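Next up, target-v4.cif (mmCIF, C-alpha atoms):
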```
data_query
#
loop_
_atom_site.label_atom_id
_atom_site.label_comp_id
_atom_site.auth_asym_id
_atom_site.auth_seq_id
_atom_site.Cartn_x
_atom_site.Cartn_y
_atom_site.Cartn_z
CA MET A 1296 28.60 -32.64 -83.68
CA LYS A 1297 27.02 -29.55 -85.21
CA VAL A 1298 25.67 -26.87 -82.88
CA ASP A 1299 22.06 -27.32 -84.04
CA THR A 1300 22.35 -31.09 -83.53
CA MET A 1301 23.45 -30.50 -79.95
CA ARG A 1302 20.56 -28.08 -79.43
CA TRP A 1303 18.13 -30.68 -80.80
CA ILE A 1304 19.45 -33.35 -78.43
CA ASP A 1305 19.43 -30.90 -75.53
CA TYR A 1306 15.74 -30.18 -76.12
CA TYR A 1307 14.18 -33.48 -77.17
CA VAL A 1308 16.31 -35.66 -74.90
CA GLY A 1309 17.17 -33.12 -72.22
CA VAL A 1310 13.65 -31.97 -71.32
CA PRO A 1311 12.18 -35.42 -70.52
CA LEU A 1312 15.36 -36.48 -68.71
CA CYS A 1313 15.29 -33.30 -66.63
CA ALA A 1314 11.64 -33.96 -65.76
CA LEU A 1315 12.27 -37.55 -64.72
CA GLY A 1316 15.50 -36.64 -62.97
CA SER A 1317 13.76 -33.92 -60.97
CA ILE A 1318 11.24 -36.42 -59.62
CA TRP A 1319 14.06 -38.76 -58.59
CA ASN A 1320 15.97 -35.87 -57.05
CA LYS A 1321 12.99 -34.80 -54.94
CA PHE A 1322 12.59 -38.23 -53.37
CA HIS A 1323 16.36 -38.53 -52.93
CA LEU A 1324 16.52 -35.23 -51.01
CA ILE A 1325 13.70 -36.35 -48.71
CA ALA A 1326 15.54 -39.59 -47.91
CA ALA A 1327 19.05 -38.15 -47.66
CA LYS A 1328 20.58 -36.67 -44.52
CA ARG A 1329 22.15 -33.24 -44.97
CA SER A 1330 25.83 -33.22 -44.12
CA LYS A 1331 27.40 -30.14 -42.57
CA LYS A 1332 31.00 -31.02 -43.29
CA PRO A 1333 33.05 -28.22 -44.90
CA ASN A 1334 33.27 -27.86 -48.68
CA GLU A 1335 36.62 -29.04 -49.95
CA ASN A 1336 36.18 -30.48 -53.46
CA ILE A 1337 34.26 -28.16 -55.76
CA LEU A 1338 33.48 -28.70 -59.45
CA PHE A 1339 32.69 -25.98 -61.98
CA ILE A 1340 30.91 -27.01 -65.19
CA GLU A 1341 31.18 -24.86 -68.34
CA LEU A 1342 31.36 -26.88 -71.53
CA SER A 1343 30.88 -24.84 -74.66
CA GLU A 1344 32.48 -21.39 -74.29
CA MET A 1345 36.26 -21.03 -74.13
CA GLY A 1346 35.99 -17.41 -73.06
CA SER A 1347 33.92 -18.34 -70.01
CA ALA A 1348 36.85 -20.34 -68.64
CA ILE A 1349 38.63 -16.97 -68.35
CA LEU A 1350 35.60 -15.03 -67.08
CA VAL A 1351 35.02 -17.50 -64.23
CA ASP A 1352 38.61 -17.30 -62.99
CA PRO A 1353 37.95 -14.55 -60.40
CA ALA A 1354 35.16 -16.69 -58.92
CA MET A 1355 37.41 -19.74 -58.67
CA ARG A 1356 40.20 -17.74 -57.08
CA LYS A 1357 37.73 -16.32 -54.54
CA LEU A 1358 36.80 -19.83 -53.43
CA GLN A 1359 40.45 -20.79 -53.13
CA LYS A 1360 41.10 -17.71 -51.00
CA GLU A 1361 37.99 -17.95 -48.81
CA ILE A 1362 37.85 -21.69 -48.05
CA ASN A 1363 41.02 -23.12 -49.63
CA ALA A 1364 38.86 -25.13 -52.03
CA ASN A 1365 40.24 -27.87 -54.25
CA ILE A 1366 38.87 -26.68 -57.61
CA HIS A 1367 37.79 -29.06 -60.38
CA PHE A 1368 36.44 -28.25 -63.84
CA ALA A 1369 34.43 -30.07 -66.53
CA ILE A 1370 34.66 -28.79 -70.11
CA PHE A 1371 34.44 -29.95 -73.72
CA LYS A 1372 37.81 -31.38 -74.75
CA LYS A 1373 38.31 -28.92 -77.62
CA ASN A 1374 37.92 -26.01 -75.17
CA LYS A 1375 40.20 -27.37 -72.47
CA PRO A 1376 43.28 -25.30 -73.54
CA SER A 1377 41.52 -22.16 -72.28
CA LEU A 1378 41.95 -23.47 -68.73
CA ASP A 1379 45.69 -23.77 -69.28
CA LEU A 1380 46.21 -20.02 -69.69
CA LEU A 1381 45.82 -19.09 -66.01
CA LYS A 1382 46.36 -22.59 -64.59
CA THR A 1383 43.99 -21.98 -61.68
CA VAL A 1384 42.68 -25.54 -61.98
CA PRO A 1385 45.25 -28.36 -61.54
CA GLU A 1386 45.62 -30.52 -64.63
CA GLU A 1387 44.56 -33.67 -62.78
CA ASN A 1388 41.31 -31.96 -61.70
CA ILE A 1389 40.05 -31.29 -65.23
CA PHE A 1390 37.50 -33.62 -66.82
CA THR A 1391 36.97 -33.33 -70.57
CA ILE A 1392 34.03 -34.50 -72.65
CA ARG A 1393 34.47 -35.22 -76.35
CA GLU A 1394 31.66 -33.89 -78.54
CA ASN A 1395 33.10 -34.86 -81.94
CA SER A 1396 30.90 -37.97 -82.14
CA MET A 1397 27.82 -39.32 -80.41
CA ALA A 1398 29.64 -42.46 -79.21
CA ALA A 1399 32.44 -40.42 -77.61
CA PHE A 1400 29.92 -38.00 -76.12
CA VAL A 1401 27.89 -40.76 -74.45
CA THR A 1402 30.99 -42.64 -73.27
CA ASP A 1403 32.54 -39.58 -71.63
CA THR A 1404 29.23 -38.63 -70.04
CA LEU A 1405 29.00 -42.00 -68.32
CA LYS A 1406 32.64 -41.74 -67.23
CA PHE A 1407 31.85 -38.33 -65.74
CA PHE A 1408 29.48 -39.82 -63.14
CA PHE A 1409 32.13 -42.31 -62.00
CA TRP A 1410 34.76 -39.55 -61.93
CA THR A 1411 32.68 -37.25 -59.71
CA ARG A 1412 32.19 -39.99 -57.15
CA LYS A 1413 35.84 -40.98 -57.23
CA ARG A 1414 36.74 -37.34 -56.57
CA LYS A 1415 34.24 -37.19 -53.67
CA LEU A 1416 32.88 -33.84 -54.78
CA ASP A 1417 31.07 -31.77 -52.16
CA THR A 1418 29.71 -29.11 -54.49
CA VAL A 1419 28.96 -28.66 -58.19
CA ILE A 1420 28.55 -25.17 -59.64
CA ASP A 1421 26.80 -25.14 -63.02
CA LEU A 1422 27.92 -22.03 -64.93
CA GLU A 1423 25.65 -22.63 -67.92
CA LEU A 1424 22.54 -20.54 -68.46
CA PHE A 1425 20.54 -22.70 -70.82
CA SER A 1426 21.97 -26.20 -71.13
CA ARG A 1427 19.83 -29.08 -69.90
CA PHE A 1428 22.83 -31.34 -70.35
CA THR A 1429 24.86 -29.55 -67.67
CA ALA A 1430 21.77 -29.49 -65.44
CA LEU A 1431 21.70 -33.30 -65.68
CA LEU A 1432 25.44 -33.56 -65.05
CA THR A 1433 24.95 -31.42 -61.95
CA GLY A 1434 21.85 -33.25 -60.77
CA PHE A 1435 23.40 -36.72 -60.96
CA SER A 1436 26.92 -35.75 -59.88
CA GLY A 1437 26.47 -37.14 -56.38
CA ALA A 1438 27.47 -33.82 -54.78
CA ARG A 1439 25.41 -32.64 -51.80
CA ASN A 1440 25.46 -28.99 -52.91
CA LYS A 1441 24.26 -28.14 -56.40
CA ILE A 1442 24.47 -24.47 -57.35
CA GLY A 1443 23.27 -22.81 -60.54
CA PHE A 1444 21.07 -20.19 -62.14
CA HIS A 1445 17.30 -20.44 -61.67
CA ALA A 1446 14.66 -18.51 -63.62
CA TYR A 1447 12.12 -18.10 -60.79
CA PHE A 1448 9.38 -15.95 -62.41
CA ASN A 1449 11.54 -14.87 -65.36
CA GLU A 1450 11.49 -16.24 -68.88
CA GLY A 1451 13.90 -19.09 -69.31
CA LEU A 1452 14.42 -22.63 -70.53
CA TYR A 1453 13.16 -25.57 -68.48
CA ARG A 1454 16.16 -27.24 -66.81
CA GLY A 1455 14.51 -29.40 -64.18
CA SER A 1456 14.75 -29.00 -60.41
CA PHE A 1457 18.11 -30.20 -59.12
CA LEU A 1458 19.59 -27.19 -57.34
CA THR A 1459 20.10 -26.83 -53.62
CA HIS A 1460 21.21 -23.19 -54.09
CA LYS A 1461 19.10 -21.36 -56.67
CA VAL A 1462 20.81 -18.18 -57.84
CA ALA A 1463 18.87 -15.45 -59.65
CA TYR A 1464 20.67 -14.76 -62.93
CA ASN A 1465 20.94 -11.01 -63.36
CA PRO A 1466 20.92 -9.91 -67.04
CA HIS A 1467 21.94 -6.38 -66.02
CA ILE A 1468 25.40 -7.16 -64.63
CA HIS A 1469 28.49 -8.68 -66.24
CA ILE A 1470 28.52 -12.47 -66.49
CA ALA A 1471 31.71 -12.57 -64.39
CA LYS A 1472 29.76 -10.97 -61.54
CA ASN A 1473 27.01 -13.55 -62.02
CA PHE A 1474 29.68 -16.22 -61.60
CA ILE A 1475 30.80 -14.55 -58.37
CA ALA A 1476 27.15 -14.65 -57.23
CA LEU A 1477 27.21 -18.46 -57.60
CA VAL A 1478 30.24 -18.62 -55.31
CA ASN A 1479 28.63 -16.23 -52.84
CA ALA A 1480 25.63 -18.55 -52.64
CA LEU A 1481 27.88 -21.34 -51.41
CA LEU A 1482 29.57 -19.00 -48.92
CA ALA A 1483 26.25 -17.62 -47.58
CA LYS A 1484 25.74 -18.10 -43.83
CA LYS A 1485 22.01 -18.71 -44.17
CA LYS A 1486 19.51 -19.84 -46.77
CA GLU A 1487 18.32 -17.12 -49.15
CA ILE A 1488 15.50 -16.89 -51.69
CA PRO A 1489 16.85 -16.02 -54.12
CA TYR A 1490 20.61 -16.22 -53.76
CA SER A 1491 22.73 -14.10 -53.79
CA LYS A 1492 21.96 -10.97 -51.79
CA THR A 1493 25.45 -9.54 -52.03
CA LEU A 1494 27.20 -6.54 -53.54
CA ILE A 1495 29.83 -7.54 -56.10
CA THR A 1496 32.38 -4.85 -56.90
CA ASP A 1497 34.38 -4.33 -60.09
CA GLN A 1498 37.53 -5.13 -58.12
CA GLU A 1499 36.25 -8.68 -57.51
CA ILE A 1500 36.30 -9.52 -61.22
CA GLU A 1501 39.80 -8.30 -61.98
CA LEU A 1502 41.97 -10.92 -63.67
CA ALA A 1503 45.45 -11.84 -62.59
CA GLU A 1504 47.92 -10.69 -65.26
CA VAL A 1505 50.36 -13.35 -66.44
CA LYS A 1506 54.07 -12.49 -66.72
CA PHE A 1507 56.04 -14.11 -69.52
CA PRO A 1508 59.74 -15.01 -69.72
CA GLU A 1509 61.79 -13.19 -72.33
CA GLU A 1510 62.88 -16.45 -73.97
CA GLY A 1511 59.24 -17.30 -74.64
CA LYS A 1512 58.64 -13.94 -76.27
CA MET A 1513 61.78 -14.40 -78.36
CA ALA A 1514 60.56 -17.79 -79.58
CA VAL A 1515 57.34 -16.21 -80.87
CA ARG A 1516 59.25 -13.34 -82.48
CA ASN A 1517 61.28 -15.97 -84.30
CA ILE A 1518 58.06 -17.50 -85.66
CA VAL A 1519 57.04 -14.06 -86.92
CA SER A 1520 60.49 -13.67 -88.52
CA SER A 1521 60.06 -17.00 -90.32
CA CYS A 1522 56.88 -15.64 -91.92
CA PHE A 1523 58.27 -12.18 -92.72
CA LYS A 1524 61.96 -12.22 -93.57
CA GLY A 1525 62.33 -8.47 -93.14
CA PHE A 1526 60.93 -8.45 -89.63
CA ASN A 1527 62.95 -6.34 -87.18
CA PRO A 1528 61.56 -6.13 -83.61
CA ALA A 1529 63.38 -2.82 -83.11
CA ILE A 1530 61.49 -1.27 -86.01
CA HIS A 1531 58.31 -3.18 -86.67
CA LYS A 1532 55.26 -3.14 -84.40
CA ILE A 1533 52.94 -6.14 -84.41
CA ILE A 1534 49.21 -5.54 -84.82
CA LEU A 1535 46.77 -8.46 -84.68
CA ILE A 1536 43.58 -8.94 -86.66
CA ASN A 1537 41.26 -11.78 -85.61
CA PRO A 1538 38.45 -12.02 -88.21
CA ASN A 1539 36.87 -15.25 -87.03
CA ALA A 1540 34.30 -16.20 -84.43
CA SER A 1541 32.97 -19.36 -82.86
CA GLU A 1542 30.68 -21.56 -84.93
CA LEU A 1543 28.31 -21.35 -81.97
CA LEU A 1544 27.16 -17.93 -83.19
CA ILE A 1545 28.41 -17.01 -86.65
CA GLN A 1546 26.34 -13.79 -86.57
CA ARG A 1547 29.17 -12.33 -84.44
CA ARG A 1548 31.44 -12.06 -87.49
CA TRP A 1549 32.26 -8.61 -88.83
CA PRO A 1550 32.21 -8.76 -92.67
CA PRO A 1551 35.57 -9.97 -94.09
CA GLN A 1552 35.58 -7.13 -96.63
CA TYR A 1553 35.47 -4.66 -93.73
CA TYR A 1554 38.62 -6.24 -92.35
CA VAL A 1555 40.25 -5.84 -95.77
CA GLU A 1556 39.42 -2.12 -95.78
CA LEU A 1557 40.60 -1.67 -92.17
CA ILE A 1558 43.89 -3.45 -92.81
CA LYS A 1559 44.59 -1.23 -95.83
CA LYS A 1560 44.00 1.88 -93.72
CA ILE A 1561 46.34 0.63 -90.97
CA LEU A 1562 49.14 -0.22 -93.40
CA ASP A 1563 48.83 3.20 -95.07
CA ALA A 1564 48.78 5.07 -91.77
CA CYS A 1565 51.61 3.21 -90.01
CA ALA A 1566 54.76 2.32 -91.95
CA SER A 1567 56.18 0.27 -89.06
CA ALA A 1568 53.07 -1.91 -88.64
CA VAL A 1569 53.28 -5.64 -89.33
CA ILE A 1570 49.77 -7.09 -89.32
CA LEU A 1571 49.20 -10.73 -88.41
CA ILE A 1572 45.86 -12.33 -89.29
CA THR A 1573 45.31 -14.80 -86.46
CA GLY A 1574 43.17 -17.91 -86.11
CA ASP A 1575 43.47 -21.64 -85.63
CA PRO A 1576 44.70 -23.95 -88.43
CA ARG A 1577 41.13 -24.54 -89.68
CA GLU A 1578 40.77 -20.80 -90.31
CA ARG A 1579 43.89 -20.45 -92.43
CA GLU A 1580 41.99 -20.54 -95.72
CA GLU A 1581 39.70 -17.68 -94.64
CA ALA A 1582 42.73 -15.67 -93.54
CA GLU A 1583 44.38 -16.30 -96.89
CA GLU A 1584 41.34 -14.93 -98.73
CA ILE A 1585 41.76 -11.65 -96.84
CA LYS A 1586 45.52 -11.53 -97.39
CA ASN A 1587 45.20 -12.13 -101.14
CA GLN A 1588 43.24 -8.89 -101.49
CA ILE A 1589 46.04 -6.78 -100.01
CA PRO A 1590 49.42 -6.77 -101.81
CA SER A 1591 51.71 -6.03 -98.86
CA GLU A 1592 54.60 -7.99 -97.39
CA ARG A 1593 53.70 -6.48 -94.02
CA LEU A 1594 50.47 -8.49 -93.94
CA ILE A 1595 50.97 -12.08 -92.76
CA ASN A 1596 48.56 -15.01 -92.70
CA PHE A 1597 49.43 -16.16 -89.19
CA ALA A 1598 46.51 -18.53 -88.64
CA GLY A 1599 47.77 -21.78 -87.13
CA LYS A 1600 51.35 -20.54 -86.78
CA VAL A 1601 51.37 -20.62 -82.99
CA THR A 1602 49.83 -23.08 -80.57
CA PHE A 1603 47.05 -22.08 -78.22
CA ALA A 1604 49.54 -22.07 -75.34
CA GLU A 1605 51.69 -19.57 -77.28
CA LEU A 1606 48.83 -17.11 -77.88
CA PRO A 1607 49.43 -15.10 -74.67
CA LEU A 1608 53.09 -14.79 -75.66
CA LEU A 1609 52.01 -13.42 -79.03
CA TYR A 1610 49.70 -10.95 -77.30
CA SER A 1611 52.49 -9.87 -74.97
CA ILE A 1612 54.70 -8.76 -77.88
CA SER A 1613 51.90 -7.09 -79.86
CA GLU A 1614 50.66 -3.50 -79.77
CA PHE A 1615 46.94 -4.19 -80.03
CA MET A 1616 44.32 -6.47 -81.57
CA VAL A 1617 41.07 -5.90 -83.46
CA THR A 1618 38.79 -8.90 -83.08
CA ASN A 1619 35.26 -10.16 -83.37
CA ASP A 1620 33.44 -10.94 -80.14
CA SER A 1621 35.09 -14.32 -79.57
CA GLY A 1622 37.63 -16.15 -77.42
CA PRO A 1623 40.75 -14.09 -78.26
CA GLY A 1624 39.17 -10.99 -76.72
CA HIS A 1625 39.09 -12.88 -73.42
CA PHE A 1626 42.36 -14.78 -73.81
CA SER A 1627 44.25 -11.51 -74.32
CA ALA A 1628 42.83 -10.19 -71.04
CA VAL A 1629 45.52 -12.09 -69.12
CA THR A 1630 48.14 -9.85 -70.78
CA GLY A 1631 48.57 -6.09 -70.90
CA MET A 1632 47.77 -5.82 -74.61
CA GLN A 1633 45.00 -3.47 -75.75
CA SER A 1634 42.14 -5.16 -77.59
CA PHE A 1635 39.29 -3.69 -79.63
CA VAL A 1636 36.31 -6.06 -79.67
CA ILE A 1637 33.47 -5.66 -82.17
CA PHE A 1638 30.08 -6.61 -80.69
CA GLY A 1639 26.70 -7.19 -82.33
CA PRO A 1640 24.38 -10.05 -81.28
CA GLU A 1641 25.73 -9.86 -77.72
CA THR A 1642 26.43 -6.89 -75.49
CA PRO A 1643 29.77 -5.89 -73.92
CA ALA A 1644 27.84 -4.95 -70.77
CA LEU A 1645 27.46 -8.67 -70.07
CA TYR A 1646 30.27 -10.30 -72.02
CA GLY A 1647 32.98 -7.67 -72.39
CA SER A 1648 36.61 -8.63 -71.86
CA LEU A 1649 37.97 -8.17 -68.34
CA GLY A 1650 41.30 -6.97 -69.69
CA LYS A 1651 42.55 -3.77 -71.30
CA SER A 1652 39.78 -3.67 -73.85
CA THR A 1653 37.60 -1.25 -75.80
CA PRO A 1654 34.22 -2.54 -77.00
CA ILE A 1655 32.88 -1.34 -80.35
CA TYR A 1656 29.09 -1.66 -80.35
CA ALA A 1657 26.35 -0.01 -82.42
CA GLY A 1658 23.56 -0.80 -79.96
CA LEU A 1659 20.73 -1.20 -82.47
CA ALA A 1660 17.15 -1.64 -81.28
CA CYS A 1661 17.41 -5.37 -82.00
CA SER A 1662 20.70 -5.87 -80.14
CA PRO A 1663 21.52 -7.94 -78.26
CA CYS A 1664 19.36 -10.63 -79.85
CA VAL A 1665 20.72 -13.68 -78.02
CA SER A 1666 20.23 -14.43 -74.35
CA ALA A 1667 19.75 -17.14 -71.77
CA ALA A 1668 16.07 -17.23 -72.68
CA ASN A 1669 16.55 -18.20 -76.33
CA HIS A 1670 19.38 -20.73 -76.10
CA ARG A 1671 21.60 -18.12 -77.79
CA LYS A 1672 19.83 -18.89 -81.05
CA THR A 1673 18.77 -15.91 -83.12
CA ALA A 1674 16.43 -15.73 -86.11
CA CYS A 1675 18.66 -13.08 -87.67
CA LYS A 1676 20.21 -13.89 -91.06
CA ASP A 1677 21.39 -10.35 -91.77
CA ASN A 1678 23.67 -9.00 -89.02
CA VAL A 1679 23.13 -5.30 -89.68
CA CYS A 1680 24.30 -4.68 -86.10
CA LEU A 1681 27.83 -5.44 -87.33
CA GLN A 1682 27.51 -4.22 -90.91
CA ILE A 1683 26.61 -0.75 -89.64
CA ILE A 1684 30.00 -0.53 -87.87
CA ARG A 1685 32.01 0.75 -90.81
CA PRO A 1686 35.81 0.27 -91.22
CA GLU A 1687 36.38 4.03 -91.09
CA HIS A 1688 34.62 4.14 -87.70
CA VAL A 1689 36.83 1.38 -86.28
CA PHE A 1690 39.89 3.08 -87.75
CA GLU A 1691 39.09 6.33 -85.93
CA ILE A 1692 38.86 4.41 -82.66
CA ILE A 1693 42.24 2.70 -83.09
CA LYS A 1694 43.92 5.76 -84.65
CA PRO A 1695 45.41 7.10 -81.37
CA ASN A 1696 47.28 3.79 -80.99
CA LEU A 1697 48.71 4.14 -84.48
CA GLU A 1698 49.73 7.75 -83.77
CA ARG A 1699 51.48 6.52 -80.61
CA ILE A 1700 53.39 3.91 -82.64
CA ASN A 1701 54.37 6.52 -85.24
CA ALA A 1702 55.56 8.90 -82.50
CA GLN A 1703 57.89 6.21 -81.21
CA GLY A 1704 59.68 6.36 -84.55
#
```
Once you've parsed the file, please lay out its structure as structure tokens.
Amino acid sequence: MKVDTMRWIDYYVGVPLCALGSIWNKFHLIAAKRSKKPNENILFIELSEMGSAILVDPAMRKLQKEINANIHFAIFKKNKPSLDLLKTVPEENIFTIRENSMAAFVTDTLKFFFWTRKRKLDTVIDLELFSRFTALLTGFSGARNKIGFHAYFNEGLYRGSFLTHKVAYNPHIHIAKNFIALVNALLAKKKEIPYSKTLITDQEIELAEVKFPEEGKMAVRNIVSSCFKGFNPAIHKIILINPNASELLIQRRWPPQYYVELIKKILDACASAVILITGDPREREEAEEIKNQIPSERLINFAGKVTFAELPLLYSISEFMVTNDSGPGHFSAVTGMQSFVIFGPETPALYGSLGKSTPIYAGLACSPCVSAANHRKTACKDNVCLQIIRPEHVFEIIKPNLERINAQG
């Protein structure tokens, strides 16, 4: 389904269902007896953003450390591979919902409510900021503890009244810290209004770095060699360019022509650079349009050449990546590779990568223009916030990395 179709359903179907569900939930809470048994089976819900599956990992690991929780996760099927990168959630504990058709969407939603009861979930943590659909999944999950973000007196979308632990979303701290706040609400010794009155340090949102076997790296190098016959790992240094962004917010895309200009500058400045244009198989045509404007054998259309599971291996053998604000900026955070992420409609203060990353952000008066209060839907049709970030500016930022590569000979 298209993003706007899902927004339409979320509003016109979600609002009345949330209202009716809230009434049912209020009477149910009055009738139900509160259990004090320990939390063992905990479900996180984050459907639409692949990067969030990485950003929530420190929160999930905290629960595993503090109470030895059995972590579960619900996510859209197309985004499920993002959970496989760190493997914090066991495969059998992941529930996927298909959103490619209305019939599949409804079927999987109904299955979800049977699945949650079969799993005997104690707690559901809703990571979404604006989805009424996840509010309904949480409200009717059957779990005794329902934790999520609540607007209180702030602006925000109506999502019903299902939560037992209402956490104040803080738009001034990184989203990963907000996710930790949800976990802290569950761990709190007493009831708070609002949750969570805790200090969350930068150390708490550090990601675990994944180590990769040499044979895996060699397999990816062989794929690169099959695309560039003259590739020599002892001489050539791999640089990644990711020009695409999620369809959820196409305003995050830096102009393709800017990527063309940046790639030309990199190739001229670094004779040992081999540039791979990355993306999934559906983005191969866009990558080819960029490649066709640059006559160099050291520029490869690499979109669709590796599987999602092989992406971290590719990052581990690469020098650095320039990318739009999208999933790869977060996926690369589990490796030691440097990334340069170009921001516009969103701010790196809230959604920056947790890895070795440098945000590139103009900070115009209109930026960021998407938030939890507007369903991440902007009226902007002219993303000047990205157009103003010129290729020569980005080149100056990445230039020290190129000088380092050149110094290595």
Evaluate the PyMOL selection byres ((chain A and resi 1369) around 7) and record the selected residues as an NGL selection string, following the chain and residue labels used in the document. :A and (1339-1342 or 1368 or 1370 or 1389-1391)
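The environment of segment 1475-1485 of chain A within 7 Å, counting all atoms listed in the file and disregarding residues fewer than 2 places along the same chain, consists of Ala1354, Leu1358, Ile1442, Gly1443, His1460, Val1462, Ala1471, Lys1472, Asn1473, Glu1487, Tyr1490 and Ser1491 of chain A.
Close contacts of Glu1605 of chain A, defined as residues with an atom at most 12 Å away when counting all atoms listed in the file, with chain neighbours fewer than 5 positions off set aside, comprise Pro1376, Ser1377, Asp1379, Leu1380, Phe1507, Pro1508, Gly1511, Lys1512, Met1513, Ala1514, Val1515, Arg1516, Ile1518, Asp1575, Gly1599, Lys1600, Tyr1610, Ser1611, Ile1612, Phe1626 and Ser1627 of chain A.
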So how many Å separate atom CA of Tyr1554 of chain A and atom CA of Asp1299 of chain A, to one decimal?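 So the answer is 28.1 Å.
Here atom CA of Lys1560 of chain A is placed at a distance of 23.2 Å from atom CA of Lys1651 of chain A.
Nearest to Thr1411 of chain A of all the residues A:Met1345, A:Arg1427, A:Asn1336, A:Ser1521 is A:Asn1336, counting all atoms listed in the file.
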For the structure provided, state which residues fall under the PyMOL selection byres ((chain A and resi 1592) around 9), and present them as a PyMOL selection string. chain A and resi 1523+1525+1569+1590-1591+1593-1595
Atomic distance atom CA of Arg1302 of chain A - atom CA of Phe1408 of chain A, expressed in Å with one decimal: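 These two atoms are separated by 22.0 Å.
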Determine, counting all atoms listed in the file, which protein, DNA and RNA residues have an atom within 10 Å of an atom of Tyr1646 of chain A; residues of the same chain fewer than 5 positions away are not included. Present the result as a list in words. Gly1346, Ser1347, Leu1350, Ile1468, His1469, Ile1470, Ala1471, Asp1620, Ser1621, His1625, Phe1638 and Glu1641 of chain A
Those residues with C-alpha atoms, as a tab-separated table (two decimals), in the coordinates of the input please?
```
chain	number	residue	atom	x	y	z
A	1346	GLY	CA	35.99	-17.41	-73.06
A	1347	SER	CA	33.92	-18.34	-70.01
A	1350	LEU	CA	35.60	-15.03	-67.08
A	1468	ILE	CA	25.40	-7.16	-64.63
A	1469	HIS	CA	28.49	-8.68	-66.24
A	1470	ILE	CA	28.52	-12.47	-66.49
A	1471	ALA	CA	31.71	-12.57	-64.39
A	1620	ASP	CA	33.44	-10.94	-80.14
A	1621	SER	CA	35.09	-14.32	-79.57
A	1625	HIS	CA	39.09	-12.88	-73.42
A	1638	PHE	CA	30.08	-6.61	-80.69
A	1641	GLU	CA	25.73	-9.86	-77.72
```
Name the closest residue to Gly1434 of chain A among the candidates A:Lys1321, A:His1467, A:Arg1579, A:Lys1382; distances are taken between atoms, counting only C-alpha atoms.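 Closest to Gly1434 of chain A, using only C-alpha atoms: A:Lys1321.
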Report the residues retrieved by the PyMOL selection byres ((chain A and resi 1535) around 10) from the displayed file, expressed as a list of chain:residue names.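 Output from the PyMOL selection byres ((chain A and resi 1535) around 10), applied to this file: A:Ile1533, A:Ile1534, A:Ile1536, A:Asn1537, A:Pro1538, A:Ile1558, A:Ala1568, A:Val1569, A:Ile1570, A:Leu1571, A:Ile1572, A:Thr1573, A:Leu1594, A:Ile1595, A:Phe1597, A:Leu1609, A:Tyr1610, A:Ser1613, A:Glu1614, A:Phe1615, A:Met1616, A:Val1617, A:Thr1618, A:Ser1634.
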Given only C-alpha atoms as the counted atoms, nearest of A:Ile1495, A:Leu1381, A:Val1351, A:Ile1304 to Phe1400 of chain A: A:Ile1304
So, with only C-alpha atoms as the atoms that count, which of A:Phe1457, A:Phe1371, A:Phe1690, A:Tyr1464 lies closest to Lys1492 of chain A?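 Looking only at the distances to Lys1492 of chain A, the closest residue turns out to be A:Tyr1464.
Nearest residue to Lys1672 of chain A among A:Ile1561, A:Ile1545, A:Ile1530, A:Met1632 is A:Ile1545, counting only C-alpha atoms.
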Option closest in space to Asp1421 of chain A, from A:Thr1459, A:Ser1396, A:Asn1527, A:Ser1662 [counting only C-alpha atoms]: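 Closest candidate: A:Thr1459.
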Could you list, as a ChimeraX atom specification, every residue within 12 Å of Met1397 of chain A, counting all atoms listed in the file and ignoring same-chain residues fewer than 2 positions away? /A:1296-1297,1300-1301,1304,1392-1395,1399-1404
Please produce a file of those selected residues containing C-alpha atoms, as an mmCIF file, keeping the file's coordinate frame.
```cif
data_model
loop_
_atom_site.group_PDB
_atom_site.id
_atom_site.type_symbol
_atom_site.label_atom_id
_atom_site.label_comp_id
_atom_site.auth_asym_id
_atom_site.auth_seq_id
_atom_site.Cartn_x
_atom_site.Cartn_y
_atom_site.Cartn_z
ATOM 1 C CA MET A 1296 28.600 -32.640 -83.680
ATOM 2 C CA LYS A 1297 27.020 -29.550 -85.210
ATOM 3 C CA THR A 1300 22.350 -31.090 -83.530
ATOM 4 C CA MET A 1301 23.450 -30.500 -79.950
ATOM 5 C CA ILE A 1304 19.450 -33.350 -78.430
ATOM 6 C CA ILE A 1392 34.030 -34.500 -72.650
ATOM 7 C CA ARG A 1393 34.470 -35.220 -76.350
ATOM 8 C CA GLU A 1394 31.660 -33.890 -78.540
ATOM 9 C CA ASN A 1395 33.100 -34.860 -81.940
ATOM 10 C CA ALA A 1399 32.440 -40.420 -77.610
ATOM 11 C CA PHE A 1400 29.920 -38.000 -76.120
ATOM 12 C CA VAL A 1401 27.890 -40.760 -74.450
ATOM 13 C CA THR A 1402 30.990 -42.640 -73.270
ATOM 14 C CA ASP A 1403 32.540 -39.580 -71.630
ATOM 15 C CA THR A 1404 29.230 -38.630 -70.040
#
```
Just the residues within 9 Å of Leu1681 of chain A, please, counting all atoms listed in the file, with nothing from its chain fewer than 6 positions along; format it as a list in words.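 My reading of the contact set: Gln1546, Arg1547, Arg1548, Trp1549, Pro1550, Ile1637, Phe1638, Gly1639, Pro1640, Tyr1656 and Ala1657 of chain A.
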Output for the residues just chosen: C-alpha atoms as a CSV table (one decimal), keeping the file's coordinate frame:
```
chain,number,residue,atom,x,y,z
A,1546,GLN,CA,26.3,-13.8,-86.6
A,1547,ARG,CA,29.2,-12.3,-84.4
A,1548,ARG,CA,31.4,-12.1,-87.5
A,1549,TRP,CA,32.3,-8.6,-88.8
A,1550,PRO,CA,32.2,-8.8,-92.7
A,1637,ILE,CA,33.5,-5.7,-82.2
A,1638,PHE,CA,30.1,-6.6,-80.7
A,1639,GLY,CA,26.7,-7.2,-82.3
A,1640,PRO,CA,24.4,-10.0,-81.3
A,1656,TYR,CA,29.1,-1.7,-80.4
A,1657,ALA,CA,26.4,0.0,-82.4
```
